[in-house]
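Taking it in order: structure first as structure tokens, then the write-up.
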Number of protein chains: 2
Amino acid sequence: MSASSPLQVAVLLSGGLDSSVALRWAQREHRVRLALSFNYGSNHGSHELACAGFQAESAGVPHRVIDISSIAQHLDSALLNGAAAIPAEPYNEENMRQTVVPFRNGIFLAIAAGITESAGCGGIVIAAHSGDHAVYPDCRESFMQAMEAAVAAGTHARLHLLRPFIDQDKAAIIRLGVRLGVDFAHTYSCYKGGERHCGVCATCRERKQAFRQAGTADPTSYEA
Amino acid sequence: MSASSPLQVAVLLSGGLDSSVALRWAQREHRVRLALSFNYGSNHGSHELACAGFQAESAGVPHRVIDISSIAQHLDSALLNGAAAIPAEPYNEENMRQTVVPFRNGIFLAIAAGITESAGCGGIVIAAHSGDHAVYPDCRESFMQAMEAAVAAGTHARLHLLRPFIDQDKAAIIRLGVRLGVDFAHTYSCYKGGERHCGVCATCRERKQAFRQAGTADPTSYEA
């Protein structure tokens, strides 16, 4: 979903694996003016944000952390309720659903649209990928298409919404990241939010599996 | 744009005239579970929010004020830069454009969607009206349609977005408010943000004119 000519863009950068690759992809395809991270009070926020800072700095991109943690008390999600609420088992529909933060991508994209328009940019890059689709409705292409129409209609610049990985899986993203020189040791995925990746929560299992499928050495230090 | 059967809804309540009427409209047509206001660091925020509190309390509706003032520093608008930045003249394209807060309604609606889904409600009510359309792209029906598709696609509950006034002007809203018993003395419009309405900024002029057009006594105490 690449725009036909290079745009000035803001990249949503969580500090996870996918958005860290998206940042480098955007540098190859567009002109990256800003990397935007959100502190939304999640269990794993501090480690994610530290990785986001590392990735932005090593890419030479200005990094803004937007504090919306005051919203967290109004949102219902295990991801906002401490590590003990995160199940130590592979993803299934039930435990994925617990970790949904209602309309999280919608909230991130809307705020990013306001900031991107204010900064005089023409597009936003988000790293949502095919593995997110099953239970997270705001990661699906149907949502992205509607949200793209909303950010276009609702801004003077008629912003674009770029989602380069929407049809790709995490292994493909890792392979691209390797080619683009992403330092995966400084990306963070664990929903438990500990110093090291726990290795047993659903996101850690997904991360391990994706490195195996990509045929790439996994630099992550897991507890288990 | 009323849903066919009553919904449990959250109402966006700025404390202005339009949303105060929307709250009473929603009570007549739906079941109002929440009124949501945003502190986004605007010049006129404190007076607006006080009026929002009054309106919610007199309607007997739980009121939540969501603090997103930390976002303001990243948004470019005269509305966020103090009273001196607000021109004392009727609306024209140039001065309306200065007061645009980029993608404000998109940001409000996205956060409201997350909160509304978390609260188990089925819809959001917003009071955008025909007079807002000219320069504010995120007040137009084309934006509302896209945003409705986004909040539906991006939530498990497939939320509705109700915009009862989208084809009405401010005078019609006032007439409806009179029938619904809205106390307009406790609504606030002035973009200067003073204790009393200035009477000369574009929103004050629009407010005066709407009361005149509605043929209703204007209870507002204006400085000029």
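Ordering of the structure tokens sets the chain letters (A, B, ...); residue numbers start at 1 within each chain; ligands are numbered from 1 in the order shown.
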
Quiz item: Near chain B, which residues of chain A fall within 9 Å when you count only C-alpha atoms, and what do they look like as a PyMOL selection string?
Solution: chain A and resi 66-68+70-71+74-77+101-119+135-140+142-156

Practice problem: Excluding stretch 86-94 of chain A and residues on its chain fewer than 5 positions from it, collect all residues at most 10 Å away from it, counting only C-alpha atoms, and give them as a list in words. | Solution: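 That gives Asn43, Ala78, Leu79, Leu80, Asn81, Thr99, Ala134, Val135, Tyr136, Cys190, Tyr191, Lys192, Gly193, Cys198, Gly199, Val200, Cys201, Ala202, Thr203, Cys204, Arg205 and Glu206 of chain A.
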
So that I have them on file, write out the residues from the current selection with C-alpha atoms, as an mmCIF file, in the first residue's frame.
data_model
loop_
_atom_site.group_PDB
_atom_site.id
_atom_site.type_symbol
_atom_site.label_atom_id
_atom_site.label_comp_id
_atom_site.auth_asym_id
_atom_site.auth_seq_id
_atom_site.Cartn_x
_atom_site.Cartn_y
_atom_site.Cartn_z
ATOM 1 C CA ASN A 43 2.312 -3.155 31.108
ATOM 2 C CA ALA A 78 -5.635 -6.991 30.386
ATOM 3 C CA LEU A 79 -2.779 -5.149 28.722
ATOM 4 C CA LEU A 80 -3.420 -2.202 31.016
ATOM 5 C CA ASN A 81 -3.859 -4.243 34.214
ATOM 6 C CA THR A 99 -5.331 -8.172 25.442
ATOM 7 C CA ALA A 134 -7.776 -12.502 13.752
ATOM 8 C CA VAL A 135 -9.017 -10.884 16.932
ATOM 9 C CA TYR A 136 -7.927 -7.248 16.738
ATOM 10 C CA CYS A 190 6.606 -9.185 25.698
ATOM 11 C CA TYR A 191 3.150 -8.379 27.075
ATOM 12 C CA LYS A 192 4.316 -9.203 30.605
ATOM 13 C CA GLY A 193 6.583 -6.185 30.483
ATOM 14 C CA CYS A 198 9.270 -13.825 29.415
ATOM 15 C CA GLY A 199 9.267 -16.269 26.497
ATOM 16 C CA VAL A 200 5.900 -17.821 27.389
ATOM 17 C CA CYS A 201 3.256 -15.159 26.811
ATOM 18 C CA ALA A 202 1.525 -15.256 23.453
ATOM 19 C CA THR A 203 3.504 -12.372 21.972
ATOM 20 C CA CYS A 204 6.831 -13.917 23.018
ATOM 21 C CA ARG A 205 5.808 -17.252 21.465
ATOM 22 C CA GLU A 206 4.805 -15.464 18.286
#

Quiz item: Per DSSP on the backbone, what are the alpha helix (DSSP H) residues of stretch 87-185 of chain B, as a ChimeraX atom specification?
Solution: /B:93-98,104-118,141-153,170-179

Self-check item: Residues flagged strand (DSSP E or B) by DSSP in stretch 19-116 of chain A, as a PyMOL selection string
Solution: chain A and resi 31-39+63-67

Output the selection as a CSV table (one decimal), in the first residue's frame - all heavy atoms for each residue.
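Result file selection-v5.csv:
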chain,number,residue,atom,x,y,z
A,31,ARG,N,10.1,10.1,2.9
A,31,ARG,CA,11.0,10.9,3.7
A,31,ARG,C,10.4,11.0,5.1
A,31,ARG,O,9.3,11.5,5.3
A,31,ARG,CB,11.1,12.4,3.1
A,31,ARG,CG,12.0,13.2,3.9
A,31,ARG,CD,12.5,14.5,3.3
A,31,ARG,NE,13.1,15.2,4.4
A,31,ARG,CZ,12.9,16.5,4.7
A,31,ARG,NH1,12.0,17.2,4.0
A,31,ARG,NH2,13.5,17.0,5.7
A,32,VAL,N,11.1,10.4,6.1
A,32,VAL,CA,10.5,10.3,7.4
A,32,VAL,C,10.9,11.5,8.2
A,32,VAL,O,12.0,11.8,8.5
A,32,VAL,CB,11.1,9.0,8.1
A,32,VAL,CG1,10.5,9.0,9.6
A,32,VAL,CG2,10.8,7.8,7.4
A,33,ARG,N,9.8,12.3,8.6
A,33,ARG,CA,10.0,13.5,9.4
A,33,ARG,C,9.9,13.3,10.9
A,33,ARG,O,10.5,14.0,11.6
A,33,ARG,CB,8.9,14.5,8.9
A,33,ARG,CG,9.1,15.1,7.5
A,33,ARG,CD,10.0,16.3,7.6
A,33,ARG,NE,9.5,17.3,8.5
A,33,ARG,CZ,8.5,18.1,8.3
A,33,ARG,NH1,7.9,18.2,7.1
A,33,ARG,NH2,8.1,18.9,9.3
A,34,LEU,N,9.2,12.2,11.3
A,34,LEU,CA,8.9,12.0,12.7
A,34,LEU,C,8.6,10.6,13.0
A,34,LEU,O,8.1,9.9,12.1
A,34,LEU,CB,7.5,12.7,13.0
A,34,LEU,CG,7.5,14.2,13.4
A,34,LEU,CD1,6.0,14.5,13.6
A,34,LEU,CD2,8.3,14.5,14.6
A,35,ALA,N,9.1,10.1,14.1
A,35,ALA,CA,8.6,8.8,14.7
A,35,ALA,C,7.8,9.1,15.9
A,35,ALA,O,8.2,10.0,16.7
A,35,ALA,CB,9.8,7.9,15.0
A,36,LEU,N,6.6,8.6,16.0
A,36,LEU,CA,5.6,8.8,17.0
A,36,LEU,C,5.4,7.6,17.9
A,36,LEU,O,5.1,6.5,17.4
A,36,LEU,CB,4.3,9.3,16.5
A,36,LEU,CG,4.2,10.6,15.8
A,36,LEU,CD1,2.8,10.8,15.2
A,36,LEU,CD2,4.6,11.7,16.7
A,37,SER,N,5.6,7.7,19.2
A,37,SER,CA,5.3,6.6,20.1
A,37,SER,C,4.3,7.1,21.1
A,37,SER,O,4.2,8.3,21.4
A,37,SER,CB,6.5,6.2,20.9
A,37,SER,OG,7.6,5.8,20.0
A,38,PHE,N,3.5,6.2,21.7
A,38,PHE,CA,2.5,6.5,22.6
A,38,PHE,C,2.7,5.9,23.9
A,38,PHE,O,2.9,4.6,24.0
A,38,PHE,CB,1.1,6.1,22.1
A,38,PHE,CG,0.6,7.0,20.9
A,38,PHE,CD1,1.0,6.6,19.6
A,38,PHE,CD2,0.0,8.1,21.1
A,38,PHE,CE1,0.6,7.3,18.5
A,38,PHE,CE2,-0.4,8.9,20.0
A,38,PHE,CZ,-0.1,8.5,18.7
A,39,ASN,N,2.7,6.6,25.0
A,39,ASN,CA,2.7,6.1,26.3
A,39,ASN,C,1.2,6.0,26.7
A,39,ASN,O,0.6,7.0,27.1
A,39,ASN,CB,3.5,6.9,27.3
A,39,ASN,CG,3.3,6.5,28.7
A,39,ASN,OD1,2.8,5.4,29.0
A,39,ASN,ND2,3.9,7.2,29.7
A,63,HIS,N,12.1,11.9,17.4
A,63,HIS,CA,11.2,11.0,18.1
A,63,HIS,C,10.3,11.7,19.1
A,63,HIS,O,10.9,12.5,19.9
A,63,HIS,CB,12.0,9.9,18.8
A,63,HIS,CG,11.2,8.8,19.5
A,63,HIS,ND1,11.5,8.3,20.7
A,63,HIS,CD2,10.1,8.2,19.1
A,63,HIS,CE1,10.6,7.4,21.0
A,63,HIS,NE2,9.7,7.3,20.1
A,64,ARG,N,9.0,11.6,19.0
A,64,ARG,CA,8.1,12.2,20.0
A,64,ARG,C,7.3,11.1,20.7
A,64,ARG,O,6.8,10.2,20.0
A,64,ARG,CB,7.1,13.1,19.3
A,64,ARG,CG,7.8,14.3,18.7
A,64,ARG,CD,6.7,15.4,18.4
A,64,ARG,NE,7.1,16.2,17.3
A,64,ARG,CZ,6.2,17.1,16.7
A,64,ARG,NH1,5.0,17.2,17.1
A,64,ARG,NH2,6.7,17.8,15.7
A,65,VAL,N,7.3,11.2,22.0
A,65,VAL,CA,6.5,10.3,22.8
A,65,VAL,C,5.3,11.0,23.3
A,65,VAL,O,5.4,12.0,24.0
A,65,VAL,CB,7.3,9.7,24.0
A,65,VAL,CG1,6.4,8.8,24.8
A,65,VAL,CG2,8.5,9.0,23.5
A,66,ILE,N,4.1,10.6,22.9
A,66,ILE,CA,2.9,11.2,23.2
A,66,ILE,C,2.3,10.5,24.4
A,66,ILE,O,2.0,9.3,24.4
A,66,ILE,CB,1.9,11.2,22.0
A,66,ILE,CG1,2.6,11.5,20.7
A,66,ILE,CG2,0.7,12.1,22.3
A,66,ILE,CD1,3.2,12.9,20.6
A,67,ASP,N,2.1,11.3,25.5
A,67,ASP,CA,1.6,10.7,26.7
A,67,ASP,C,0.1,10.7,26.8
A,67,ASP,O,-0.5,11.8,26.9
A,67,ASP,CB,2.1,11.5,27.9
A,67,ASP,CG,1.8,10.8,29.2
A,67,ASP,OD1,1.0,9.8,29.2
A,67,ASP,OD2,2.3,11.2,30.3

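If you measure from each of A:Ala224, A:Ile174, A:Leu17, A:Leu180 to A:His197 using only C-alpha atoms, the closest one turns out to be A:Ala224.
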
Quiz item: What does the distance between atom CA of A:Lys208 and atom CA of A:Phe165 come to in Å, to one decimal place?
Solution: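 Result for atom CA of A:Lys208 versus atom CA of A:Phe165: 18.9 Å, one decimal.
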
Practice problem: Please provide as a list in words all residues within 7 Å of B:Arg196, with the sequence filter that same-chain residues fewer than 4 positions apart are discarded (counting only C-alpha atoms). | Solution: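 Residues near the query, excluding close chain neighbours: Ser221, Tyr222 and Glu223 of chain B.
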
Next, the residues of the selection above should be written as a tab-separated table (two decimals), in the first residue's frame with N, CA, C and O atoms.
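Writing done, so here's selection-v5.tsv:
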chain	number	residue	atom	x	y	z
B	221	SER	N	-24.49	36.64	28.68
B	221	SER	CA	-23.97	37.94	29.09
B	221	SER	C	-22.69	38.21	28.29
B	221	SER	O	-21.66	37.59	28.53
B	222	TYR	N	-22.79	39.13	27.32
B	222	TYR	CA	-21.64	39.43	26.46
B	222	TYR	C	-20.91	40.68	26.96
B	222	TYR	O	-21.54	41.63	27.45
B	223	GLU	N	-19.59	40.71	26.78
B	223	GLU	CA	-18.83	41.92	27.11
B	223	GLU	C	-19.13	43.05	26.13
B	223	GLU	O	-19.15	44.21	26.49

Self-check item: Option closest in space to B:Gly53, from B:Val21, B:Leu13, B:Ala83, B:Ala171 [counting only C-alpha atoms]
Solution: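 Of B:Val21, B:Leu13, B:Ala83, B:Ala171, the one nearest B:Gly53 is B:Leu13, counting only C-alpha atoms.
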